[in-house]
Amino acid sequence: MITGFIEVHLIDILDILLVAGLLYVLYYLLKGTVAINIFLGIVSIFLVWRIVSISGMELLSEILGAFVSVGFIALIIIFQPEIRQFLLALGTPRFIRKYHRRFSFLGFNFSEEEPVDIGPVVRACESMAEKKTGALIVITRQNNLFQFVKSGVDLDAEISQPLIENIFFKNSPLHDGAMIIHQRRIKAAGCILPVTRKLDLPGRPGLRHRAALGITEQSDAICIVISEEKGTICVTIDGNLRPIRDGQELTEFLKSESLSS
């Protein structure tokens with residue numbers, strides 16, 4: 001397209017636009033986190049390496065080149081939670097799950113899962129929030145969370161408000177762990193969940209909230225957490241914490257996530 005000192009072709013422009021778009025998406029995903037500083041540092045080193053290589057500084061280019069090669073491995077280790085969350089979202093896209101019938105002509109086949117009876121769950125959460133009873137309830141979607149179910153006590157019981165409140169009663173031996181609901185049944189209670197490694201969380205959340213964030217960072221589950229100190233209800237999804245005002249808002253949120261019958 002352009003001839004002269006530098007030849008620029010259409011494929012070069014497309015390449016630049018794609019790289020710019022990729023960098024923007026990465027910046028948008030990491031913005032506001034501790035990882036953004038590391039990301040900007042690695043990008044700066046890469047740009048310096050390219051400038052040094054073009055300038056013909058062979059020794060410095062070799063040193064920076066070796067650092068960049070090892071840096072990609074370090075990048076995967078440092079950003080392991082972010083990469084995991086990105087791949088999880090890519091593997092279970094929410095818009096395809098919601099509009100899967102429109103994609104049937106492409107050959108996609110999504111199994112229909114029975115919706116969860118959220119009525120008893122919402123009523124139990126309202127009651128426990130009023131009594132300031134701490135609780136941690138995980139509702140699975142496509143991931144069955146088998147490894148976390150095995151860390152607790154197997155129940156395989158029907159969902160009911162009295163059972164949920166009894167499990168999280170402060171003198172119950174299972175009240176400290178998480179309850180996992182899968183396929184319309186309470187699969188287990190007293191389960192141990194992974195804790196988020198995020199350091200820049202507002203309000204210094206407690207262990208329950210950090211566990212709620214951790215399980216939604218590593219799976220597509222939805223987690224409901226009730227604060228024992230304040231009696232507030234929050235939900236976590238995709239590694240993000242959202243406060244809930246009342247049972248009606250909780251019901252609407254769960255319905256929007258296609259969890260209601």
# chains A, B, ... in the order shown; residues from 1 in each chain; ligands from 1
>>> residues_around(residues="Thr216 of chain A", least_positions_apart="4", cutoff="12 Å", atoms="only C-alpha atoms", output="VMD selection string")
chain A and resid 81 84 to 85 88 to 89 137 to 141 143 145 193 to 196 209 to 212 220 to 224 235 to 241
>>> residues_around(residues="Asp154 of chain A", least_positions_apart="2", cutoff="9 Å", atoms="only C-alpha atoms", output="CSV table (one decimal) with C-alpha atoms, in the first residue's frame")
chain,number,residue,atom,x,y,z
A,149,VAL,CA,-18.2,-31.7,47.8
A,150,LYS,CA,-15.9,-34.5,48.9
A,151,SER,CA,-14.3,-32.1,51.4
A,152,GLY,CA,-17.5,-31.8,53.4
A,156,ASP,CA,-27.9,-35.5,49.3
A,157,ALA,CA,-31.0,-34.0,50.8
A,186,ILE,CA,-28.2,-30.2,48.9
A,187,LYS,CA,-25.2,-32.4,48.1
A,188,ALA,CA,-23.0,-31.6,51.1
A,189,ALA,CA,-22.3,-29.2,54.0
>>> closest_residue(among="A:Leu40, A:Met128, A:Leu207, A:Val225", to="Asn166 of chain A", atoms="only C-alpha atoms")
A:Met128
>>> atom_distance(atom1="atom CA of Thr251 of chain A", atom2="atom CA of Arg123 of chain A")
9.7 Å
>>> residues_around(residues="Arg245 of chain A", least_positions_apart="3", cutoff="10 Å", atoms="only C-alpha atoms", output="list in words")
Thr232, Ile233, Cys234, Arg242, Gln248, Glu249 and Leu250 of chain A
>>> write_last_selection(atoms="N, CA and C atoms", output="mmCIF file, in the first residue's frame")
data_model
loop_
_atom_site.group_PDB
_atom_site.id
_atom_site.type_symbol
_atom_site.label_atom_id
_atom_site.label_comp_id
_atom_site.auth_asym_id
_atom_site.auth_seq_id
_atom_site.Cartn_x
_atom_site.Cartn_y
_atom_site.Cartn_z
ATOM 1 N N THR A 232 -25.777 -8.903 56.675
ATOM 2 C CA THR A 232 -26.007 -8.510 55.284
ATOM 3 C C THR A 232 -25.866 -9.717 54.366
ATOM 4 N N ILE A 233 -26.519 -9.618 53.194
ATOM 5 C CA ILE A 233 -26.462 -10.677 52.191
ATOM 6 C C ILE A 233 -25.659 -10.178 50.994
ATOM 7 N N CYS A 234 -24.748 -11.000 50.511
ATOM 8 C CA CYS A 234 -23.981 -10.694 49.310
ATOM 9 C C CYS A 234 -23.976 -11.929 48.410
ATOM 10 N N ARG A 242 -21.169 -8.768 45.113
ATOM 11 C CA ARG A 242 -22.298 -7.853 44.905
ATOM 12 C C ARG A 242 -23.197 -7.873 46.132
ATOM 13 N N GLN A 248 -36.182 -10.058 47.745
ATOM 14 C CA GLN A 248 -36.699 -9.840 46.392
ATOM 15 C C GLN A 248 -35.563 -9.627 45.398
ATOM 16 N N GLU A 249 -34.582 -8.849 45.787
ATOM 17 C CA GLU A 249 -33.430 -8.623 44.902
ATOM 18 C C GLU A 249 -32.643 -9.915 44.705
ATOM 19 N N LEU A 250 -32.539 -10.718 45.771
ATOM 20 C CA LEU A 250 -31.844 -11.998 45.643
ATOM 21 C C LEU A 250 -32.589 -12.917 44.681
#
>>> atom_distance(atom1="atom CA of Ala135 of chain A", atom2="atom CA of Pro162 of chain A")
13.7 Å
>>> atom_distance(atom1="atom CA of Arg50 of chain A", atom2="atom CA of Leu17 of chain A")
18.2 Å
>>> select_by_dssp(residues="segment 139-229 of chain A", states="strand (DSSP E or B)", output="list in words")
Ile139, Val153, Asp154, Leu155, Asp156, Ala157, Glu158, Ala178, Met179, Ile180, Ile181, His182, Arg185, Ile186, Lys187, Ala188, Ala189, Gly190, Cys191, Ile222, Cys223, Ile224, Val225 and Ile226 of chain A
>>> residues_around(residues="Lys230 of chain A", least_positions_apart="5", cutoff="10 Å", atoms="only C-alpha atoms", output="ChimeraX atom specification")
/A:129-134
>>> select_by_dssp(residues="segment 94-257 of chain A", states="helix (DSSP H, G or I)", output="ChimeraX atom specification")
/A:94-98,100-106,118-131,146-149,161-167,207-217,247-256
>>> residues_around(residues="Pro120 of chain A", least_positions_apart="4", cutoff="8 Å", atoms="only C-alpha atoms", output="PyMOL selection string")
chain A and resi 124+159-161
>>> write_last_selection(atoms="N, CA and C atoms", output="PDB file, in the first residue's frame")
ATOM      1  N   ALA A 124     -34.649 -18.824  53.582  1.00  0.00           N
ATOM      2  CA  ALA A 124     -33.656 -19.142  54.612  1.00  0.00           C
ATOM      3  C   ALA A 124     -32.629 -18.030  54.743  1.00  0.00           C
ATOM      4  N   ILE A 159     -33.913 -29.649  49.154  1.00  0.00           N
ATOM      5  CA  ILE A 159     -33.737 -28.272  49.600  1.00  0.00           C
ATOM      6  C   ILE A 159     -34.952 -27.841  50.420  1.00  0.00           C
ATOM      7  N   SER A 160     -34.706 -27.397  51.643  1.00  0.00           N
ATOM      8  CA  SER A 160     -35.793 -26.895  52.487  1.00  0.00           C
ATOM      9  C   SER A 160     -35.251 -25.811  53.406  1.00  0.00           C
ATOM     10  N   GLN A 161     -36.094 -24.860  53.746  1.00  0.00           N
ATOM     11  CA  GLN A 161     -35.675 -23.764  54.611  1.00  0.00           C
ATOM     12  C   GLN A 161     -35.245 -24.241  55.997  1.00  0.00           C
TER      13      GLN A 161
END
